[in-house]
file my_file00.pdb (PDB, C-alpha atoms)
ATOM      1  CA  MET A   1       0.000   0.000   0.000
ATOM      2  CA  LYS A   2       1.403   3.339  -1.025
ATOM      3  CA  HIS A   3      -1.021   5.681   0.751
ATOM      4  CA  ILE A   4      -1.734   6.496   4.381
ATOM      5  CA  PRO A   5      -4.584   4.174   5.413
ATOM      6  CA  THR A   6      -7.983   5.813   5.342
ATOM      7  CA  ASP A   7     -10.562   5.707   8.103
ATOM      8  CA  SER A   8     -12.560   3.146   6.098
ATOM      9  CA  GLU A   9      -9.471   0.921   5.819
ATOM     10  CA  TRP A  10      -9.035   1.134   9.572
ATOM     11  CA  ARG A  11     -12.686   0.169   9.999
ATOM     12  CA  SER A  12     -12.570  -2.651   7.432
ATOM     13  CA  VAL A  13     -12.840  -5.263  10.197
ATOM     14  CA  PRO A  14     -14.719  -5.394  13.503
ATOM     15  CA  TRP A  15     -12.565  -3.792  16.171
ATOM     16  CA  CYS A  16     -11.154  -5.826  19.014
ATOM     17  CA  LEU A  17     -10.129  -4.063  22.231
ATOM     18  CA  ASP A  18      -6.654  -3.264  20.876
ATOM     19  CA  ILE A  19      -7.471  -1.617  17.548
ATOM     20  CA  PRO A  20      -8.590   1.711  19.075
ATOM     21  CA  TYR A  21      -5.120   2.113  20.589
ATOM     22  CA  ALA A  22      -3.466   1.368  17.259
ATOM     23  CA  TYR A  23      -5.833   3.831  15.584
ATOM     24  CA  ASP A  24      -5.067   6.542  18.162
ATOM     25  CA  HIS A  25      -1.338   6.048  17.721
ATOM     26  CA  PHE A  26      -1.067   5.545  13.957
ATOM     27  CA  PHE A  27      -4.117   6.969  12.164
ATOM     28  CA  GLY A  28      -3.062   9.644   9.666
ATOM     29  CA  LYS A  29       0.645   9.132  10.266
ATOM     30  CA  THR A  30       3.183   8.915   7.474
ATOM     31  CA  ILE A  31       5.828   6.177   7.375
ATOM     32  CA  ALA A  32       8.371   8.670   8.770
ATOM     33  CA  GLU A  33       6.068   9.608  11.645
ATOM     34  CA  ALA A  34       5.352   5.950  12.400
ATOM     35  CA  GLN A  35       9.066   5.177  12.306
ATOM     36  CA  GLN A  36       9.616   7.951  14.853
ATOM     37  CA  LEU A  37       7.158   6.219  17.199
ATOM     38  CA  LEU A  38       9.067   2.951  16.833
ATOM     39  CA  GLU A  39      12.355   4.738  17.453
ATOM     40  CA  GLU A  40      10.915   6.146  20.672
ATOM     41  CA  ASN A  41       9.596   2.802  21.953
ATOM     42  CA  ALA A  42       9.394  -0.134  19.560
ATOM     43  CA  LEU A  43       8.344  -2.522  22.316
ATOM     44  CA  TYR A  44       5.252  -0.431  23.020
ATOM     45  CA  TYR A  45       4.200   0.466  19.484
ATOM     46  CA  GLN A  46       4.880  -2.893  17.821
ATOM     47  CA  GLU A  47       1.866  -4.231  19.677
ATOM     48  CA  ASP A  48      -0.303  -1.869  17.641
ATOM     49  CA  LEU A  49       0.973  -3.503  14.455
ATOM     50  CA  MET A  50      -0.039  -6.907  15.839
ATOM     51  CA  PHE A  51      -3.688  -5.872  15.979
ATOM     52  CA  MET A  52      -4.241  -3.259  13.276
ATOM     53  CA  PRO A  53      -6.314  -4.252  10.223
ATOM     54  CA  THR A  54      -4.377  -5.881   7.390
ATOM     55  CA  PRO A  55      -4.534  -2.870   5.013
ATOM     56  CA  CYS A  56      -3.036  -0.697   7.750
ATOM     57  CA  LEU A  57      -0.339  -3.230   8.595
ATOM     58  CA  GLY A  58       0.509  -3.368   4.892
ATOM     59  CA  TYR A  59       1.419   0.301   5.105
ATOM     60  CA  TYR A  60       2.924   0.624   8.598
ATOM     61  CA  ILE A  61       5.087  -2.500   8.530
ATOM     62  CA  THR A  62       7.376  -0.450   6.289
ATOM     63  CA  ALA A  63       8.102   1.859   9.222
ATOM     64  CA  TYR A  64       9.125  -1.113  11.371
ATOM     65  CA  LEU A  65      11.254  -2.568   8.571
ATOM     66  CA  GLN A  66      13.021   0.754   8.026
ATOM     67  CA  TYR A  67      13.562   1.207  11.750
ATOM     68  CA  LEU A  68      15.129  -2.236  12.229
ATOM     69  CA  MET A  69      17.450  -1.645   9.262
ATOM     70  CA  SER A  70      18.508   1.779  10.572
ATOM     71  CA  ASP A  71      21.356   2.624  12.930
ATOM     72  CA  ARG A  72      18.770   3.937  15.385
ATOM     73  CA  SER A  73      17.704   0.380  16.230
ATOM     74  CA  LYS A  74      21.176  -0.542  17.521
ATOM     75  CA  GLY A  75      20.797  -1.968  21.003
ATOM     76  CA  ASP A  76      17.005  -2.301  20.775
ATOM     77  CA  SER A  77      16.797  -5.925  21.826
ATOM     78  CA  ASP A  78      13.074  -5.741  22.552
ATOM     79  CA  GLY A  79      12.189  -4.083  19.253
ATOM     80  CA  ALA A  80      14.233  -6.652  17.358
ATOM     81  CA  SER A  81      12.901  -9.636  19.285
ATOM     82  CA  CYS A  82       9.271  -8.544  18.976
ATOM     83  CA  PHE A  83       9.543  -8.435  15.199
ATOM     84  CA  PHE A  84       9.774 -12.229  15.147
ATOM     85  CA  GLY A  85       6.471 -12.416  17.024
ATOM     86  CA  LEU A  86       4.819  -9.974  14.656
ATOM     87  CA  VAL A  87       5.830 -12.062  11.655
ATOM     88  CA  GLU A  88       4.770 -15.296  13.349
ATOM     89  CA  ILE A  89       1.335 -13.941  14.208
ATOM     90  CA  ARG A  90       0.705 -11.964  11.006
ATOM     91  CA  HIS A  91       2.585 -14.045   8.395
ATOM     92  CA  SER A  92      -0.633 -14.930   6.549
ATOM     93  CA  ASP A  93      -1.346 -11.224   6.133
ATOM     94  CA  ILE A  94       2.259 -10.353   5.279
ATOM     95  CA  ASN A  95       2.174 -12.979   2.533
ATOM     96  CA  THR A  96      -0.622 -10.984   0.845
ATOM     97  CA  PHE A  97       1.516  -7.835   0.643
ATOM     98  CA  THR A  98       3.572  -6.821  -2.388
ATOM     99  CA  PRO A  99       6.495  -9.072  -3.283
ATOM    100  CA  GLU A 100       8.776  -6.147  -2.378
ATOM    101  CA  THR A 101       7.355  -5.960   1.154
ATOM    102  CA  VAL A 102       7.690  -9.721   1.636
ATOM    103  CA  ALA A 103      11.292  -9.537   0.365
ATOM    104  CA  GLN A 104      12.071  -6.588   2.678
ATOM    105  CA  THR A 105      10.586  -8.501   5.605
ATOM    106  CA  LYS A 106      12.843 -11.460   4.824
ATOM    107  CA  THR A 107      15.840  -9.127   4.575
ATOM    108  CA  VAL A 108      15.110  -7.712   8.020
ATOM    109  CA  LEU A 109      14.688 -11.218   9.444
ATOM    110  CA  GLN A 110      18.035 -12.213   7.919
ATOM    111  CA  LYS A 111      19.684  -9.167   9.498
ATOM    112  CA  LEU A 112      18.183  -9.994  12.875
ATOM    113  CA  GLY A 113      19.386 -13.569  12.539
ATOM    114  CA  THR A 114      22.963 -12.537  11.833
ATOM    115  CA  HIS A 115      23.248  -9.443  14.038
ATOM    116  CA  GLN A 116      21.859 -10.502  17.417
ATOM    117  CA  GLU A 117      24.779  -8.901  19.262
ATOM    118  CA  TRP A 118      24.290  -5.594  17.392
ATOM    119  CA  TYR A 119      20.774  -5.439  18.840
ATOM    120  CA  ASP A 120      22.226  -6.253  22.280
ATOM    121  CA  ALA A 121      19.885  -9.239  22.571
ATOM    122  CA  ASP A 122      21.348 -11.680  25.080
ATOM    123  CA  GLN A 123      20.738 -15.193  23.788
ATOM    124  CA  VAL A 124      19.872 -16.436  27.285
ATOM    125  CA  ILE A 125      17.041 -13.907  27.505
ATOM    126  CA  TYR A 126      15.873 -13.633  23.879
ATOM    127  CA  GLY A 127      16.764 -17.034  22.466
ATOM    128  CA  ASP A 128      18.739 -17.646  19.313
ATOM    129  CA  PHE A 129      17.892 -15.051  16.664
ATOM    130  CA  ALA A 130      19.402 -17.208  13.902
ATOM    131  CA  THR A 131      16.968 -20.028  14.689
ATOM    132  CA  LYS A 132      14.044 -17.609  14.998
ATOM    133  CA  ALA A 133      14.950 -15.944  11.707
ATOM    134  CA  GLN A 134      15.112 -19.253   9.877
ATOM    135  CA  ARG A 135      11.716 -20.284  11.259
ATOM    136  CA  THR A 136       9.965 -16.999  10.488
ATOM    137  CA  ILE A 137      11.476 -16.683   7.004
ATOM    138  CA  GLY A 138      10.041 -20.126   6.369
ATOM    139  CA  LEU A 139       6.559 -18.791   7.151
ATOM    140  CA  LEU A 140       6.785 -16.205   4.408
ATOM    141  CA  SER A 141       5.823 -16.790   0.826
ATOM    142  CA  SER A 142       8.455 -17.811  -1.666
ATOM    143  CA  LYS A 143       6.861 -15.581  -4.344
ATOM    144  CA  SER A 144       9.387 -12.814  -3.674
TER     145      SER A 144
END
call {"tool": "encode", "arguments": {"input": "my_file00.pdb", "output": "structure tokens"}}
result
Amino acid sequence: MKHIPTDSEWRSVPWCLDIPYAYDHFFGKTIAEAQQLLEENALYYQEDLMFMPTPCLGYYITAYLQYLMSDRSKGDSDGASCFFGLVEIRHSDINTFTPETVAQTKTVLQKLGTHQEWYDADQVIYGDFATKAQRTIGLLSSKS
């Protein structure tokens, strides 16, 4: 998706208890503005991506991808670790996104899998990122 999600896209599914928070945080935001939220507190805002409607995730996942590939994510063990959970939970939706988005998601997962120390993610606490990356990449479509 190339445009900021509209109100009707946000309301394209019945709302669970978590969608209003995602809407309050992300509605009307550009990718750059959403990335700023993730830079401030990826652990907090990634939860919004877990629950937002698929059309909205299709737009805002780009902010998370860009954040995790940026130097600003260095040392963000929680933000990096949570991305695996997002992909695990939403992989069916992610597989419906453009081939470029699926490919970018795989690229981020590969970086996480090979740069666990860069994210300051202690393996005892966060598990093995290489194993998690391999598993989550396997959940994504091979169309890309």
call {"tool": "residues_around", "arguments": {"input": "my_file00.pdb", "residues": "stretch 43-50 of chain A", "least_positions_apart": "5", "cutoff": "12 Å", "atoms": "only C-alpha atoms", "output": "NGL selection string"}}
result
:A and (16-27 or 34-38 or 55-65 or 67-68 or 73 or 76-91 or 93-94)
call {"tool": "closest_residue", "arguments": {"input": "my_file00.pdb", "among": "A:Asp7, A:Trp15, A:Glu39, A:Lys29", "to": "A:Phe51", "atoms": "all atoms listed in the file"}}
result
A:Trp15
call {"tool": "residues_around", "arguments": {"input": "my_file00.pdb", "residues": "A:Lys106", "least_positions_apart": "4", "cutoff": "9 Å", "atoms": "only C-alpha atoms", "output": "PyMOL selection string"}}
result
chain A and resi 101-102+110-111+133+136-137+140
call {"tool": "closest_residue", "arguments": {"input": "my_file00.pdb", "among": "A:Pro5, A:Pro14, A:Met69, A:Val124", "to": "A:Thr107", "atoms": "all atoms listed in the file"}}
result
A:Met69
call {"tool": "atom_distance", "arguments": {"input": "my_file00.pdb", "atom1": "atom CA of A:Ile31", "atom2": "atom CA of A:Glu117"}}
result
27.0 Å
call {"tool": "closest_residue", "arguments": {"input": "my_file00.pdb", "among": "A:Thr105, A:Ala32, A:Gly75, A:Thr96", "to": "A:Ala121", "atoms": "all atoms listed in the file"}}
result
A:Gly75
call {"tool": "atom_distance", "arguments": {"input": "my_file00.pdb", "atom1": "atom CA of A:Phe97", "atom2": "atom CA of A:Thr6"}}
result
17.3 Å
call {"tool": "atom_distance", "arguments": {"input": "my_file00.pdb", "atom1": "atom CA of A:Arg11", "atom2": "atom CA of A:Pro53"}}
result
7.8 Å
call {"tool": "closest_residue", "arguments": {"input": "my_file00.pdb", "among": "A:Gly28, A:Gly138, A:Ser92, A:Ile125", "to": "A:Leu109", "atoms": "all atoms listed in the file"}}
result
A:Gly138
call {"tool": "closest_residue", "arguments": {"input": "my_file00.pdb", "among": "A:Thr114, A:Thr98, A:Asn41, A:Gln66", "to": "A:Ser141", "atoms": "all atoms listed in the file"}}
result
A:Thr98
call {"tool": "build_atoms", "arguments": {"input": "my_file00.pdb", "residues": "stretch 41-69 of chain A", "atoms": "N, CA and C atoms", "output": "PDB file, in the coordinates of the input"}}
result
ATOM      1  N   ASN A  41       9.919   3.944  21.097  1.00  0.00           N
ATOM      2  CA  ASN A  41       9.596   2.802  21.953  1.00  0.00           C
ATOM      3  C   ASN A  41       8.998   1.675  21.109  1.00  0.00           C
ATOM      4  N   ALA A  42       9.861   0.940  20.448  1.00  0.00           N
ATOM      5  CA  ALA A  42       9.394  -0.134  19.560  1.00  0.00           C
ATOM      6  C   ALA A  42       8.626  -1.197  20.317  1.00  0.00           C
ATOM      7  N   LEU A  43       9.037  -1.505  21.525  1.00  0.00           N
ATOM      8  CA  LEU A  43       8.344  -2.522  22.316  1.00  0.00           C
ATOM      9  C   LEU A  43       6.883  -2.152  22.513  1.00  0.00           C
ATOM     10  N   TYR A  44       6.617  -0.900  22.784  1.00  0.00           N
ATOM     11  CA  TYR A  44       5.252  -0.431  23.020  1.00  0.00           C
ATOM     12  C   TYR A  44       4.432  -0.382  21.724  1.00  0.00           C
ATOM     13  N   TYR A  45       4.981   0.224  20.702  1.00  0.00           N
ATOM     14  CA  TYR A  45       4.200   0.466  19.484  1.00  0.00           C
ATOM     15  C   TYR A  45       4.084  -0.746  18.562  1.00  0.00           C
ATOM     16  N   GLN A  46       4.999  -1.712  18.668  1.00  0.00           N
ATOM     17  CA  GLN A  46       4.880  -2.893  17.821  1.00  0.00           C
ATOM     18  C   GLN A  46       3.601  -3.653  18.111  1.00  0.00           C
ATOM     19  N   GLU A  47       3.117  -3.550  19.324  1.00  0.00           N
ATOM     20  CA  GLU A  47       1.866  -4.231  19.677  1.00  0.00           C
ATOM     21  C   GLU A  47       0.707  -3.708  18.832  1.00  0.00           C
ATOM     22  N   ASP A  48       0.737  -2.433  18.504  1.00  0.00           N
ATOM     23  CA  ASP A  48      -0.303  -1.869  17.641  1.00  0.00           C
ATOM     24  C   ASP A  48      -0.307  -2.542  16.272  1.00  0.00           C
ATOM     25  N   LEU A  49       0.884  -2.835  15.756  1.00  0.00           N
ATOM     26  CA  LEU A  49       0.973  -3.503  14.455  1.00  0.00           C
ATOM     27  C   LEU A  49       0.402  -4.914  14.512  1.00  0.00           C
ATOM     28  N   MET A  50       0.506  -5.548  15.676  1.00  0.00           N
ATOM     29  CA  MET A  50      -0.039  -6.907  15.839  1.00  0.00           C
ATOM     30  C   MET A  50      -1.544  -6.937  15.590  1.00  0.00           C
ATOM     31  N   PHE A  51      -2.228  -5.862  15.973  1.00  0.00           N
ATOM     32  CA  PHE A  51      -3.688  -5.872  15.979  1.00  0.00           C
ATOM     33  C   PHE A  51      -4.344  -5.020  14.909  1.00  0.00           C
ATOM     34  N   MET A  52      -3.599  -4.140  14.252  1.00  0.00           N
ATOM     35  CA  MET A  52      -4.241  -3.259  13.276  1.00  0.00           C
ATOM     36  C   MET A  52      -4.750  -4.067  12.074  1.00  0.00           C
ATOM     37  N   PRO A  53      -5.786  -3.555  11.402  1.00  0.00           N
ATOM     38  CA  PRO A  53      -6.314  -4.252  10.223  1.00  0.00           C
ATOM     39  C   PRO A  53      -5.226  -4.458   9.168  1.00  0.00           C
ATOM     40  N   THR A  54      -5.376  -5.496   8.390  1.00  0.00           N
ATOM     41  CA  THR A  54      -4.377  -5.881   7.390  1.00  0.00           C
ATOM     42  C   THR A  54      -3.997  -4.736   6.450  1.00  0.00           C
ATOM     43  N   PRO A  55      -4.953  -3.967   5.906  1.00  0.00           N
ATOM     44  CA  PRO A  55      -4.534  -2.870   5.013  1.00  0.00           C
ATOM     45  C   PRO A  55      -3.619  -1.863   5.714  1.00  0.00           C
ATOM     46  N   CYS A  56      -3.853  -1.647   6.990  1.00  0.00           N
ATOM     47  CA  CYS A  56      -3.036  -0.697   7.750  1.00  0.00           C
ATOM     48  C   CYS A  56      -1.653  -1.287   8.029  1.00  0.00           C
ATOM     49  N   LEU A  57      -1.625  -2.560   8.391  1.00  0.00           N
ATOM     50  CA  LEU A  57      -0.339  -3.230   8.595  1.00  0.00           C
ATOM     51  C   LEU A  57       0.479  -3.210   7.307  1.00  0.00           C
ATOM     52  N   GLY A  58      -0.178  -3.385   6.178  1.00  0.00           N
ATOM     53  CA  GLY A  58       0.509  -3.368   4.892  1.00  0.00           C
ATOM     54  C   GLY A  58       1.245  -2.070   4.644  1.00  0.00           C
ATOM     55  N   TYR A  59       0.762  -0.996   5.229  1.00  0.00           N
ATOM     56  CA  TYR A  59       1.419   0.301   5.105  1.00  0.00           C
ATOM     57  C   TYR A  59       2.461   0.492   6.216  1.00  0.00           C
ATOM     58  N   TYR A  60       2.064   0.279   7.464  1.00  0.00           N
ATOM     59  CA  TYR A  60       2.924   0.624   8.598  1.00  0.00           C
ATOM     60  C   TYR A  60       4.038  -0.366   8.884  1.00  0.00           C
ATOM     61  N   ILE A  61       3.963  -1.580   8.329  1.00  0.00           N
ATOM     62  CA  ILE A  61       5.087  -2.500   8.530  1.00  0.00           C
ATOM     63  C   ILE A  61       6.356  -1.921   7.931  1.00  0.00           C
ATOM     64  N   THR A  62       6.216  -1.088   6.909  1.00  0.00           N
ATOM     65  CA  THR A  62       7.376  -0.450   6.289  1.00  0.00           C
ATOM     66  C   THR A  62       8.145   0.387   7.302  1.00  0.00           C
ATOM     67  N   ALA A  63       7.433   1.057   8.195  1.00  0.00           N
ATOM     68  CA  ALA A  63       8.102   1.859   9.222  1.00  0.00           C
ATOM     69  C   ALA A  63       8.938   0.972  10.140  1.00  0.00           C
ATOM     70  N   TYR A  64       8.395  -0.182  10.499  1.00  0.00           N
ATOM     71  CA  TYR A  64       9.125  -1.113  11.371  1.00  0.00           C
ATOM     72  C   TYR A  64      10.340  -1.684  10.632  1.00  0.00           C
ATOM     73  N   LEU A  65      10.149  -2.041   9.373  1.00  0.00           N
ATOM     74  CA  LEU A  65      11.254  -2.568   8.571  1.00  0.00           C
ATOM     75  C   LEU A  65      12.381  -1.534   8.467  1.00  0.00           C
ATOM     76  N   GLN A  66      12.017  -0.307   8.160  1.00  0.00           N
ATOM     77  CA  GLN A  66      13.021   0.754   8.026  1.00  0.00           C
ATOM     78  C   GLN A  66      13.721   1.012   9.357  1.00  0.00           C
ATOM     79  N   TYR A  67      12.960   0.994  10.433  1.00  0.00           N
ATOM     80  CA  TYR A  67      13.562   1.207  11.750  1.00  0.00           C
ATOM     81  C   TYR A  67      14.588   0.123  12.068  1.00  0.00           C
ATOM     82  N   LEU A  68      14.215  -1.147  11.884  1.00  0.00           N
ATOM     83  CA  LEU A  68      15.129  -2.236  12.229  1.00  0.00           C
ATOM     84  C   LEU A  68      16.368  -2.271  11.340  1.00  0.00           C
ATOM     85  N   MET A  69      16.289  -1.714  10.145  1.00  0.00           N
ATOM     86  CA  MET A  69      17.450  -1.645   9.262  1.00  0.00           C
ATOM     87  C   MET A  69      18.302  -0.402   9.527  1.00  0.00           C
TER      88      MET A  69
END
